[in-house]
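Source file start.txt; content: compact mmCIF, C-alpha atoms.
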# COMPACT_ATOMS: atom_id res chain seq x y z
CA MET A 1 21.63 81.67 44.26
CA ALA A 2 24.64 79.75 45.40
CA GLU A 3 22.85 78.11 48.31
CA ALA A 4 20.69 75.07 47.69
CA LEU A 5 16.99 75.53 48.29
CA ILE A 6 15.55 73.69 51.27
CA LYS A 7 12.32 71.86 50.36
CA VAL A 8 9.15 72.32 52.35
CA GLY A 9 6.71 69.46 51.68
CA MET A 10 2.93 69.41 51.75
CA ALA A 11 1.65 69.95 55.31
CA ASP A 12 5.17 70.87 56.34
CA LEU A 13 6.97 73.98 57.65
CA LYS A 14 10.60 75.08 57.96
CA ALA A 15 12.54 78.07 59.23
CA SER A 16 16.10 78.86 58.25
CA ALA A 17 18.87 81.38 58.95
CA HIS A 18 20.63 83.58 56.42
CA PRO A 19 21.97 82.78 53.86
CA SER A 20 19.36 80.31 52.66
CA GLY A 21 16.41 79.70 50.40
CA LEU A 22 13.17 77.81 50.98
CA THR A 23 10.91 76.30 48.33
CA THR A 24 7.64 74.41 48.13
CA LEU A 25 6.60 72.71 44.89
CA GLY A 26 3.24 72.56 43.16
CA LEU A 27 0.92 74.50 45.45
CA GLY A 28 -2.68 73.97 44.36
CA SER A 29 -5.49 74.70 46.78
CA CYS A 30 -2.90 74.69 49.54
CA VAL A 31 -1.40 78.01 50.58
CA GLY A 32 2.30 78.79 50.92
CA ILE A 33 2.93 81.19 53.80
CA SER A 34 6.33 82.87 53.53
CA LEU A 35 7.75 84.90 56.42
CA TYR A 36 10.77 87.18 56.35
CA ASP A 37 12.54 89.17 59.05
CA ALA A 38 14.46 91.95 57.27
CA GLY A 39 16.64 92.53 60.35
CA THR A 40 18.09 89.06 60.89
CA LYS A 41 17.20 87.75 57.40
CA VAL A 42 15.69 84.65 59.01
CA ILE A 43 13.06 83.14 56.68
CA GLY A 44 10.25 80.69 57.18
CA MET A 45 7.78 78.84 54.98
CA ALA A 46 4.65 76.76 55.66
CA HIS A 47 2.65 74.71 53.14
CA ILE A 48 -0.79 74.49 54.72
CA MET A 49 -3.65 72.32 53.46
CA LEU A 50 -6.66 73.27 55.55
CA PRO A 51 -7.99 76.48 57.15
CA ASP A 52 -8.24 75.42 60.76
CA SER A 53 -7.59 72.54 63.09
CA LYS A 54 -10.79 72.85 65.08
CA HIS A 55 -13.20 70.76 62.98
CA VAL A 56 -10.79 68.00 62.18
CA ARG A 57 -10.23 64.81 64.10
CA ASP A 58 -6.57 64.58 63.28
CA GLY A 59 -5.05 67.81 64.52
CA VAL A 60 -1.62 66.38 65.27
CA ASN A 61 0.35 67.86 62.41
CA LYS A 62 0.52 71.59 63.12
CA ALA A 63 1.88 72.39 59.64
CA LYS A 64 -1.32 71.13 58.05
CA PHE A 65 -3.56 73.96 59.27
CA ALA A 66 -3.31 77.72 58.74
CA ASP A 67 -3.98 78.62 62.38
CA THR A 68 -1.52 76.22 64.00
CA ALA A 69 1.12 76.48 61.24
CA VAL A 70 1.59 80.25 61.53
CA GLU A 71 2.08 79.95 65.27
CA ALA A 72 4.54 77.07 64.97
CA LEU A 73 6.47 78.74 62.15
CA VAL A 74 6.84 82.01 64.05
CA GLY A 75 8.05 79.99 67.06
CA GLU A 76 10.74 78.27 64.98
CA MET A 77 11.88 81.59 63.52
CA LEU A 78 12.09 83.16 66.98
CA GLY A 79 14.28 80.21 67.93
CA LEU A 80 16.68 81.27 65.16
CA GLY A 81 16.85 84.79 66.54
CA ALA A 82 14.16 86.45 64.42
CA ARG A 83 11.93 89.14 65.95
CA LYS A 84 8.20 89.05 65.51
CA GLY A 85 7.90 92.82 65.13
CA HIS A 86 10.21 92.69 62.09
CA MET A 87 8.40 89.90 60.27
CA VAL A 88 6.45 90.40 57.07
CA ALA A 89 4.42 87.78 55.18
CA LYS A 90 3.88 86.92 51.53
CA LEU A 91 1.15 84.52 50.44
CA ALA A 92 0.76 82.36 47.33
CA GLY A 93 -1.49 79.47 46.30
CA GLY A 94 -5.11 78.92 47.27
CA ALA A 95 -6.14 78.07 43.72
CA GLN A 96 -9.29 76.28 42.65
CA MET A 97 -7.87 73.51 40.47
CA PHE A 98 -11.20 72.21 39.23
CA ALA A 99 -14.18 74.24 38.10
CA LEU A 100 -16.48 71.35 38.97
CA SER A 101 -19.59 72.88 40.42
CA VAL A 102 -20.08 70.32 43.15
CA THR A 103 -21.84 71.57 46.19
CA THR A 104 -19.02 70.61 48.50
CA ASP A 105 -17.03 73.07 50.56
CA LEU A 106 -13.93 71.30 49.35
CA MET A 107 -14.07 73.24 46.11
CA LYS A 108 -13.73 76.53 47.91
CA VAL A 109 -10.98 75.33 50.19
CA GLY A 110 -8.32 77.37 48.34
CA LEU A 111 -10.14 80.60 49.09
CA ARG A 112 -10.82 79.53 52.67
CA ASN A 113 -7.14 78.62 53.14
CA ALA A 114 -6.04 82.08 51.96
CA ILE A 115 -8.50 83.83 54.30
CA ALA A 116 -7.50 81.63 57.24
CA ALA A 117 -3.80 82.33 56.60
CA LYS A 118 -4.47 86.08 56.65
CA ASP A 119 -6.52 85.80 59.83
CA ALA A 120 -3.79 83.79 61.54
CA LEU A 121 -1.12 86.33 60.51
CA LYS A 122 -3.28 89.21 61.68
CA ALA A 123 -3.71 87.53 65.04
CA MET A 124 0.08 87.38 65.34
CA GLY A 125 0.44 91.01 64.24
CA ILE A 126 2.38 90.13 61.07
CA PRO A 127 1.53 92.26 58.01
CA VAL A 128 0.91 90.63 54.62
CA VAL A 129 3.01 92.73 52.22
CA ALA A 130 2.34 90.77 49.03
CA GLU A 131 -0.11 88.14 47.89
CA GLU A 132 -0.96 86.10 44.83
CA THR A 133 -3.76 83.72 45.66
CA GLY A 134 -6.69 82.26 43.76
CA GLY A 135 -6.85 81.45 40.05
CA SER A 136 -7.01 77.91 38.73
CA PHE A 137 -3.35 77.01 38.31
CA GLY A 138 -0.53 75.50 40.38
CA ARG A 139 2.42 77.45 41.76
CA THR A 140 5.95 76.63 42.88
CA ILE A 141 7.42 79.23 45.22
CA GLU A 142 10.98 80.11 46.25
CA LEU A 143 11.85 82.43 49.13
CA TYR A 144 15.33 83.97 49.47
CA SER A 145 16.84 85.24 52.71
CA VAL A 146 19.04 87.82 50.90
CA ASN A 147 16.15 90.22 50.37
CA GLY A 148 12.99 88.29 51.19
CA ARG A 149 11.90 88.10 47.57
CA LEU A 150 9.41 85.41 46.65
CA LEU A 151 9.62 83.85 43.22
CA ILE A 152 6.46 82.27 41.77
CA LYS A 153 6.74 79.72 38.95
CA THR A 154 3.80 78.22 37.06
CA ILE A 155 3.09 76.02 34.04
CA GLY A 156 1.64 78.25 31.34
CA HIS A 157 0.91 81.19 33.63
CA GLY A 158 4.31 82.86 33.67
CA MET A 159 6.86 83.56 36.36
CA ARG A 160 6.95 86.59 38.67
CA GLU A 161 8.40 88.00 41.83
CA LEU A 162 6.60 89.27 44.90
CA MET B 163 -17.43 52.46 62.52
CA GLY B 164 -15.11 49.51 63.07
CA GLY B 165 -12.96 49.66 59.94
CA SER B 166 -10.90 52.31 58.27
CA VAL B 167 -9.00 52.71 55.03
CA PHE B 168 -6.17 50.91 56.75
CA ASP B 169 -8.22 47.87 57.65
CA PRO B 170 -6.57 44.94 55.77
CA ALA B 171 -9.93 43.44 54.77
CA TYR B 172 -11.10 46.76 53.37
CA PHE B 173 -7.76 47.13 51.61
CA ASP B 174 -8.15 43.72 49.92
CA ILE B 175 -11.61 44.62 48.71
CA LEU B 176 -10.40 47.93 47.32
CA LYS B 177 -7.69 45.99 45.53
CA GLU B 178 -10.35 43.77 44.03
CA ILE B 179 -12.38 46.81 42.97
CA GLY B 180 -9.18 48.13 41.42
CA ASN B 181 -8.72 44.87 39.48
CA ILE B 182 -12.26 44.71 38.18
CA GLY B 183 -12.35 48.42 37.48
CA ALA B 184 -9.10 48.33 35.56
CA GLY B 185 -10.38 45.36 33.55
CA ASN B 186 -13.55 47.25 32.68
CA ALA B 187 -11.51 50.34 31.86
CA ALA B 188 -9.18 48.39 29.54
CA THR B 189 -12.18 47.00 27.64
CA SER B 190 -13.79 50.43 27.34
CA LEU B 191 -10.55 52.09 26.34
CA ALA B 192 -9.96 49.45 23.65
CA LYS B 193 -13.45 50.12 22.24
CA MET B 194 -12.86 53.86 22.27
CA ILE B 195 -9.53 53.76 20.44
CA GLY B 196 -10.29 50.70 18.34
CA ARG B 197 -7.18 48.82 19.45
CA LYS B 198 -6.36 46.00 21.82
CA VAL B 199 -5.49 47.12 25.34
CA ASP B 200 -4.11 44.90 28.10
CA MET B 201 -3.59 45.94 31.64
CA SER B 202 -1.19 45.07 34.39
CA ILE B 203 -2.31 44.00 37.86
CA PRO B 204 -3.14 47.27 39.60
CA LYS B 205 -0.90 48.36 42.43
CA VAL B 206 -2.93 49.43 45.43
CA GLN B 207 -1.01 51.49 47.93
CA ILE B 208 -1.49 53.62 50.98
CA VAL B 209 1.13 56.32 51.00
CA GLY B 210 1.89 59.69 52.55
CA PHE B 211 1.00 62.90 50.70
CA GLY B 212 4.60 63.65 49.80
CA GLU B 213 5.22 60.20 48.37
CA VAL B 214 2.25 60.35 46.00
CA ALA B 215 3.76 63.26 44.11
CA ASP B 216 7.08 61.41 44.05
CA ILE B 217 5.46 58.33 42.56
CA LEU B 218 4.05 60.52 39.81
CA GLY B 219 7.51 61.96 39.13
CA GLY B 220 7.64 64.92 41.53
CA ALA B 221 5.33 67.72 42.60
CA GLU B 222 6.22 69.82 39.56
CA LYS B 223 5.66 67.05 37.01
CA GLU B 224 3.02 68.01 34.47
CA VAL B 225 -0.01 65.74 34.71
CA ILE B 226 -3.67 65.74 33.80
CA GLY B 227 -6.29 65.16 36.46
CA ILE B 228 -9.89 64.21 35.85
CA LEU B 229 -12.22 64.81 38.75
CA VAL B 230 -15.64 63.23 39.13
CA ALA B 231 -17.97 63.79 42.06
CA ILE B 232 -20.03 60.78 43.11
CA GLY B 233 -23.45 60.84 44.67
CA GLY B 234 -26.18 58.33 45.45
CA ASP B 235 -25.74 55.90 48.34
CA VAL B 236 -22.17 57.11 48.86
CA SER B 237 -20.75 60.53 48.11
CA GLY B 238 -17.22 61.64 47.52
CA LEU B 239 -14.72 62.19 44.76
CA ILE B 240 -13.01 60.03 42.20
CA MET B 241 -9.85 61.28 40.62
CA PHE B 242 -7.94 59.87 37.70
CA ILE B 243 -4.40 61.14 37.16
CA ALA B 244 -2.12 60.44 34.21
CA ASP B 245 1.22 61.73 33.08
CA ARG B 246 0.93 64.58 30.56
CA ALA B 247 2.98 62.53 28.10
CA ASP B 248 0.61 59.56 28.51
CA ALA B 249 -2.42 61.82 28.05
CA ASP B 250 -0.86 63.07 24.84
CA LYS B 251 -0.47 59.46 23.64
CA VAL B 252 -4.16 58.84 24.30
CA LEU B 253 -5.03 62.03 22.40
CA ASP B 254 -2.93 60.94 19.45
CA MET B 255 -4.80 57.63 19.38
CA LEU B 256 -8.19 59.29 19.74
CA LEU B 257 -7.79 62.28 17.49
CA GLY B 258 -4.86 61.45 15.22
CA ASP B 259 -4.25 64.22 12.71
CA ALA B 260 -7.27 66.11 13.96
CA ARG B 261 -5.24 67.22 16.99
CA GLY B 262 -4.79 70.96 17.22
CA PRO B 263 -1.35 72.53 16.93
CA GLY B 264 0.73 73.61 19.92
CA PRO B 265 1.33 72.03 23.31
CA GLY B 266 -1.84 73.34 24.99
CA TYR B 267 -5.21 71.65 25.04
CA GLY B 268 -7.98 73.14 22.94
CA GLU B 269 -11.69 72.55 23.30
CA MET B 270 -11.50 69.28 21.33
CA GLU B 271 -8.51 67.87 23.24
CA ALA B 272 -10.12 68.72 26.57
CA SER B 273 -13.38 67.10 25.62
CA ALA B 274 -11.64 63.95 24.30
CA LEU B 275 -9.67 63.63 27.55
CA LYS B 276 -12.79 64.17 29.64
CA GLU B 277 -14.51 61.45 27.67
CA ALA B 278 -11.58 59.08 28.24
CA GLY B 279 -11.66 60.03 31.93
CA ASN B 280 -15.37 59.47 32.00
CA ILE B 281 -14.90 55.95 30.68
CA MET B 282 -12.09 55.20 33.14
CA THR B 283 -13.88 56.49 36.21
CA GLY B 284 -17.14 54.94 35.00
CA ALA B 285 -15.38 51.56 34.86
CA TYR B 286 -14.33 51.86 38.51
CA VAL B 287 -17.70 53.14 39.62
CA GLY B 288 -19.26 50.14 37.87
CA ALA B 289 -16.95 47.75 39.74
CA LEU B 290 -17.60 49.43 43.07
CA SER B 291 -21.33 49.44 42.47
CA MET B 292 -21.31 45.76 41.50
CA LEU B 293 -19.33 44.63 44.55
CA THR B 294 -21.24 46.71 47.05
CA GLY B 295 -24.73 46.71 45.57
CA LEU B 296 -24.78 50.43 46.22
CA ARG B 297 -26.19 53.02 43.85
CA ILE B 298 -23.35 55.32 42.83
CA GLU B 299 -23.90 58.15 40.39
CA PRO B 300 -20.91 59.90 38.87
CA SER B 301 -21.04 63.57 37.82
CA ILE B 302 -19.83 65.04 34.54
CA PRO B 303 -16.00 64.94 34.65
CA ASP B 304 -13.83 68.02 35.05
CA LEU B 305 -10.30 68.32 33.67
CA SER B 306 -7.19 70.14 34.85
CA ALA B 307 -3.68 70.00 33.35
CA ASP B 308 -1.03 71.32 35.73
CA MET B 309 1.65 70.37 38.28
CA ALA B 310 1.12 67.02 40.03
CA GLY B 311 1.34 68.63 43.46
CA ALA B 312 -1.33 71.18 42.62
CA ILE B 313 -3.75 68.60 41.22
CA LEU B 314 -3.07 66.18 44.05
CA SER B 315 -3.85 68.90 46.56
CA VAL B 316 -7.54 68.26 45.86
CA PRO B 317 -7.67 64.60 47.00
CA ALA B 318 -4.94 65.24 49.58
CA ILE B 319 -7.00 67.95 51.25
CA MET B 320 -10.04 65.71 51.31
CA PHE B 321 -8.04 62.87 52.81
CA GLY B 322 -6.20 65.37 54.96
CA GLN B 323 -9.27 65.82 57.09
CA VAL B 324 -9.01 62.18 58.08
CA GLY B 325 -5.29 61.48 58.18
CA ASP B 326 -1.93 61.97 56.54
CA HIS B 327 -2.20 59.21 53.96
CA VAL B 328 -4.05 58.60 50.72
CA LEU B 329 -5.09 55.42 49.02
CA PHE B 330 -4.43 55.07 45.37
CA ILE B 331 -4.53 52.49 42.63
CA GLU B 332 -2.01 52.54 39.83
CA THR B 333 -2.77 50.68 36.63
CA ARG B 334 -0.65 50.27 33.55
CA PHE B 335 -2.47 49.72 30.28
CA GLU B 336 -0.36 47.88 27.73
CA GLY B 337 -1.06 47.73 24.04
CA GLU B 338 0.73 49.03 21.00
CA THR B 339 1.19 52.02 23.25
CA SER B 340 1.50 51.78 27.04
CA VAL B 341 -0.34 54.23 29.21
CA SER B 342 -0.29 54.53 32.99
CA GLY B 343 -3.16 55.80 35.06
CA ASN B 344 -3.58 56.50 38.74
CA PHE B 345 -6.92 56.32 40.35
CA PHE B 346 -8.07 57.70 43.69
CA LEU B 347 -11.27 56.94 45.52
CA ILE B 348 -12.12 59.45 48.19
CA PRO B 349 -15.38 58.82 50.03
CA ASP B 350 -16.83 61.58 52.20
CA HIS B 351 -16.56 61.17 55.96
CA GLY B 352 -20.03 59.73 56.35
CA SER B 353 -19.67 57.43 53.36
CA TYR B 354 -16.83 55.37 54.82
CA GLY B 355 -19.25 53.60 57.10
CA VAL B 356 -21.73 52.98 54.28
CA LEU B 357 -19.00 51.54 52.06
CA LEU B 358 -17.54 49.34 54.79
CA LYS B 359 -20.94 48.00 55.70
CA ALA B 360 -21.81 47.25 52.07
CA LEU B 361 -18.46 45.51 51.67
CA GLY B 362 -19.12 43.45 54.77
CA VAL B 363 -16.05 44.74 56.62
CA ASP B 364 -17.91 46.63 59.29
Translate the structure of the given file into structure tokens.
Amino acid sequence: MAEALIKVGMADLKASAHPSGLTTLGLGSCVGISLYDAGTKVIGMAHIMLPDSKHVRDGVNKAKFADTAVEALVGEMLGLGARKGHMVAKLAGGAQMFALSVTTDLMKVGLRNAIAAKDALKAMGIPVVAEETGGSFGRTIELYSVNGRLLIKTIGHGMREL
Amino acid sequence: MGGSVFDPAYFDILKEIGNIGAGNAATSLAKMIGRKVDMSIPKVQIVGFGEVADILGGAEKEVIGILVAIGGDVSGLIMFIADRADADKVLDMLLGDARGPGPGYGEMEASALKEAGNIMTGAYVGALSMLTGLRIEPSIPDLSADMAGAILSVPAIMFGQVGDHVLFIETRFEGETSVSGNFFLIPDHGSYGVLLKALGVD
């Protein structure tokens, strides 16, 4: 891992050409959408916070919502020469950080984010080849252009590769 | 709805609530641990999502978060976040030798932290209630120890439906041992108006 990892913030998305690595730190209820084109090795990552932009007043930041983020991310990757038909997706995050049984939809937002991300990918015709969503713990993810592997790091819940 | 979180008058009042709340919290905390606790003037800030994690020491920094739902005249969430190291200091003061072995939190540690969180959030709720005359009922607190980014995703998502910034109050408690705490108040959409009106900012 000679190349430095490029950071993707919360409600942020980035695409990058080979050789490179993308990372987003401390995913909780947010979902990290990682895209990889095995042909050109172009990678992309989005750190989305909410399922969809339709019910929200502030829909300016495309990276914030699953529906708009997937579209924008694919667009940026195409700009780097990637081909949509070659893209595969890996998902991580969507945890429920607090067990608090409040009757607000907010508590299920992790689950809703994961579902919305899958719907958005399906609409674009991009298959989800690996997924680790849910649970009640945070995740840091790292995506590498070399082979499209996704590394998941946690505090107290191990480390693994998708 | 004339005002918003960014309204300067509203901001000043939140600062005042932060001051009174922190004062109450310091008194309660001192009672709980049986030692004198002073507090610094709280820092009230409106910052972007990314910056909040940075203020806490980065998105991967290990913190504890205590979440309380509020109901009554206004509904929303209150979150109290402290550095894992600071939470450990509080546990040492509260439990002393009774603390369980190992770095993880057992049943007793979790319940002691929830109780401390209960007192802290209760102090702020008391201040808010007093200044607004509104009835605010806090729920039983819930605890999570994990990465700052992951814990902050909860208030960030709630704020995220309104804008790209969050409002938070940082307080430093000084005594024989110094402990820092960060406090978020996140009213539901509909409750902003109620709060603003009660605060006379409408």
Distance cut-off 9 Å, counting only C-alpha atoms - which residues of chain B neighbour chain A? Return them as a short mmCIF file (atom, residue, chain, number, x, y, z; two decimals) with C-alpha atoms, keeping the file's coordinate frame.
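Written file, part.cif:
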data_model
loop_
_atom_site.label_atom_id
_atom_site.label_comp_id
_atom_site.auth_asym_id
_atom_site.auth_seq_id
_atom_site.Cartn_x
_atom_site.Cartn_y
_atom_site.Cartn_z
CA PHE B 211 1.00 62.90 50.70
CA GLY B 212 4.60 63.65 49.80
CA GLY B 220 7.64 64.92 41.53
CA ALA B 221 5.33 67.72 42.60
CA GLU B 222 6.22 69.82 39.56
CA LYS B 223 5.66 67.05 37.01
CA GLU B 224 3.02 68.01 34.47
CA ILE B 228 -9.89 64.21 35.85
CA LEU B 229 -12.22 64.81 38.75
CA VAL B 230 -15.64 63.23 39.13
CA ALA B 231 -17.97 63.79 42.06
CA GLY B 266 -1.84 73.34 24.99
CA SER B 301 -21.04 63.57 37.82
CA ILE B 302 -19.83 65.04 34.54
CA PRO B 303 -16.00 64.94 34.65
CA ASP B 304 -13.83 68.02 35.05
CA LEU B 305 -10.30 68.32 33.67
CA SER B 306 -7.19 70.14 34.85
CA ALA B 307 -3.68 70.00 33.35
CA ASP B 308 -1.03 71.32 35.73
CA MET B 309 1.65 70.37 38.28
CA ALA B 310 1.12 67.02 40.03
CA GLY B 311 1.34 68.63 43.46
CA ALA B 312 -1.33 71.18 42.62
CA ILE B 313 -3.75 68.60 41.22
CA LEU B 314 -3.07 66.18 44.05
CA SER B 315 -3.85 68.90 46.56
CA VAL B 316 -7.54 68.26 45.86
CA ALA B 318 -4.94 65.24 49.58
CA ILE B 319 -7.00 67.95 51.25
CA MET B 320 -10.04 65.71 51.31
CA GLY B 322 -6.20 65.37 54.96
CA GLN B 323 -9.27 65.82 57.09
CA VAL B 324 -9.01 62.18 58.08
CA GLY B 325 -5.29 61.48 58.18
CA ASP B 326 -1.93 61.97 56.54
#
Atom CA of Gly180 of chain B to atom CA of Met201 of chain B, straight-line distance in Å
11.5 Å
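Shortest separation to Ala360 of chain B among B:Glu332, B:Glu271, B:Asp235, B:Asp245 occurs at residue B:Asp235, atoms counted being all atoms listed in the file.
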Within 10 Å of Ala249 of chain B, counting only C-alpha atoms, which residues qualify if same-chain residues fewer than 4 places away don't, as a list in words?
Val225, Ile226, Gly227, Ile243, Ala244, Asp245, Leu253, Asp254, Met255, Glu271, Leu275, Ala278, Ala307, Val341, Ser342 and Gly343 of chain B
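Atom CA of Leu257 of chain B is positioned 8.0 Å from atom CA of Ala274 of chain B.
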Go ahead and compute the interatomic distance for atom CA of Lys84 of chain A and atom CA of Ile43 of chain A, in Å to one decimal.
11.7 Å
Which protein, DNA or RNA residues are at most 12 Å from (-6.1, 84.2, 63.8) in the file's coordinates when you count all atoms listed in the file, listed as a PyMOL selection string?
chain A and resi 51-53+65-71+115-126
Write the residues of the preceding selection, restricted to C-alpha atoms, as a short mmCIF file (atom, residue, chain, number, x, y, z; two decimals), in the coordinates of the input.
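Written file, selection_14.cif:
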data_model
loop_
_atom_site.label_atom_id
_atom_site.label_comp_id
_atom_site.auth_asym_id
_atom_site.auth_seq_id
_atom_site.Cartn_x
_atom_site.Cartn_y
_atom_site.Cartn_z
CA PRO A 51 -7.99 76.48 57.15
CA ASP A 52 -8.24 75.42 60.76
CA SER A 53 -7.59 72.54 63.09
CA PHE A 65 -3.56 73.96 59.27
CA ALA A 66 -3.31 77.72 58.74
CA ASP A 67 -3.98 78.62 62.38
CA THR A 68 -1.52 76.22 64.00
CA ALA A 69 1.12 76.48 61.24
CA VAL A 70 1.59 80.25 61.53
CA GLU A 71 2.08 79.95 65.27
CA ILE A 115 -8.50 83.83 54.30
CA ALA A 116 -7.50 81.63 57.24
CA ALA A 117 -3.80 82.33 56.60
CA LYS A 118 -4.47 86.08 56.65
CA ASP A 119 -6.52 85.80 59.83
CA ALA A 120 -3.79 83.79 61.54
CA LEU A 121 -1.12 86.33 60.51
CA LYS A 122 -3.28 89.21 61.68
CA ALA A 123 -3.71 87.53 65.04
CA MET A 124 0.08 87.38 65.34
CA GLY A 125 0.44 91.01 64.24
CA ILE A 126 2.38 90.13 61.07
#
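Excluding Ile298 of chain B itself and same-chain residues fewer than 6 positions from it, the residues having an atom within 12 Å of it are Val230, Ala231, Ile232, Gly233, Gly234, Asp235, Val236, Ser237, Gly238, Leu239, Ile240, Thr283, Gly284, Ala285, Tyr286, Val287, Gly288, Ala289, Leu290, Ser291, Met292, Pro349, Ser353, Val356 and Leu357 of chain B, counting only C-alpha atoms.
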With only C-alpha atoms as the atoms that count, which of A:Thr40, A:Ser145, A:Ser34, A:Ser20 lies nearest to Ala82 of chain A?
A:Thr40
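For the residues A:Pro19, A:Gly158, A:Gly32, A:Gly39, ranking by smallest atom-to-atom distance to Ala114 of chain A using all atoms listed in the file places A:Gly32 first.
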Taking all atoms of segment 22-35 of chain A that appear in the file, build a box with edges along x, y and z, extend it by 4 Å on every side, and state its centre and edge lengths in Å to one decimal, as JSON.
{"center_x": 3.8, "center_y": 78.7, "center_z": 49.8, "size_x": 26.7, "size_y": 20.3, "size_z": 21.3}
Would you save segment 181-194 of chain B to a file, keeping N, CA, C and O atoms, as a compact mmCIF listing (two decimals), in the first residue's frame?
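And here is the file that came out, decode-v3.txt:
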# COMPACT_ATOMS: atom_id res chain seq x y z
N ASN B 181 -24.53 27.49 29.48
CA ASN B 181 -23.90 27.97 30.73
C ASN B 181 -24.61 27.45 31.96
O ASN B 181 -24.00 26.91 32.87
N ILE B 182 -25.92 27.64 31.98
CA ILE B 182 -26.70 27.20 33.14
C ILE B 182 -26.66 25.68 33.28
O ILE B 182 -26.46 25.15 34.36
N GLY B 183 -26.82 25.02 32.14
CA GLY B 183 -26.80 23.56 32.14
C GLY B 183 -25.47 23.01 32.65
O GLY B 183 -25.45 22.09 33.47
N ALA B 184 -24.38 23.61 32.19
CA ALA B 184 -23.07 23.15 32.62
C ALA B 184 -22.87 23.39 34.11
O ALA B 184 -22.28 22.56 34.81
N GLY B 185 -23.40 24.52 34.59
CA GLY B 185 -23.33 24.83 36.02
C GLY B 185 -24.07 23.78 36.83
O GLY B 185 -23.55 23.24 37.82
N ASN B 186 -25.29 23.48 36.39
CA ASN B 186 -26.08 22.44 37.05
C ASN B 186 -25.35 21.10 37.02
O ASN B 186 -25.33 20.36 38.00
N ALA B 187 -24.78 20.80 35.85
CA ALA B 187 -24.10 19.52 35.66
C ALA B 187 -22.89 19.40 36.59
O ALA B 187 -22.66 18.35 37.19
N ALA B 188 -22.14 20.52 36.73
CA ALA B 188 -20.96 20.51 37.59
C ALA B 188 -21.36 20.22 39.04
O ALA B 188 -20.72 19.44 39.74
N THR B 189 -22.46 20.85 39.48
CA THR B 189 -22.96 20.64 40.84
C THR B 189 -23.37 19.18 41.05
O THR B 189 -23.00 18.55 42.04
N SER B 190 -24.11 18.65 40.07
CA SER B 190 -24.58 17.27 40.18
C SER B 190 -23.42 16.28 40.15
O SER B 190 -23.41 15.29 40.88
N LEU B 191 -22.47 16.57 39.27
CA LEU B 191 -21.32 15.68 39.13
C LEU B 191 -20.51 15.67 40.43
O LEU B 191 -20.08 14.61 40.89
N ALA B 192 -20.36 16.85 41.04
CA ALA B 192 -19.61 16.95 42.29
C ALA B 192 -20.29 16.13 43.38
O ALA B 192 -19.63 15.44 44.16
N LYS B 193 -21.62 16.18 43.41
CA LYS B 193 -22.39 15.40 44.40
C LYS B 193 -22.17 13.92 44.18
O LYS B 193 -21.99 13.15 45.11
N MET B 194 -22.21 13.54 42.91
CA MET B 194 -22.11 12.12 42.55
C MET B 194 -20.74 11.54 42.92
O MET B 194 -20.65 10.43 43.41
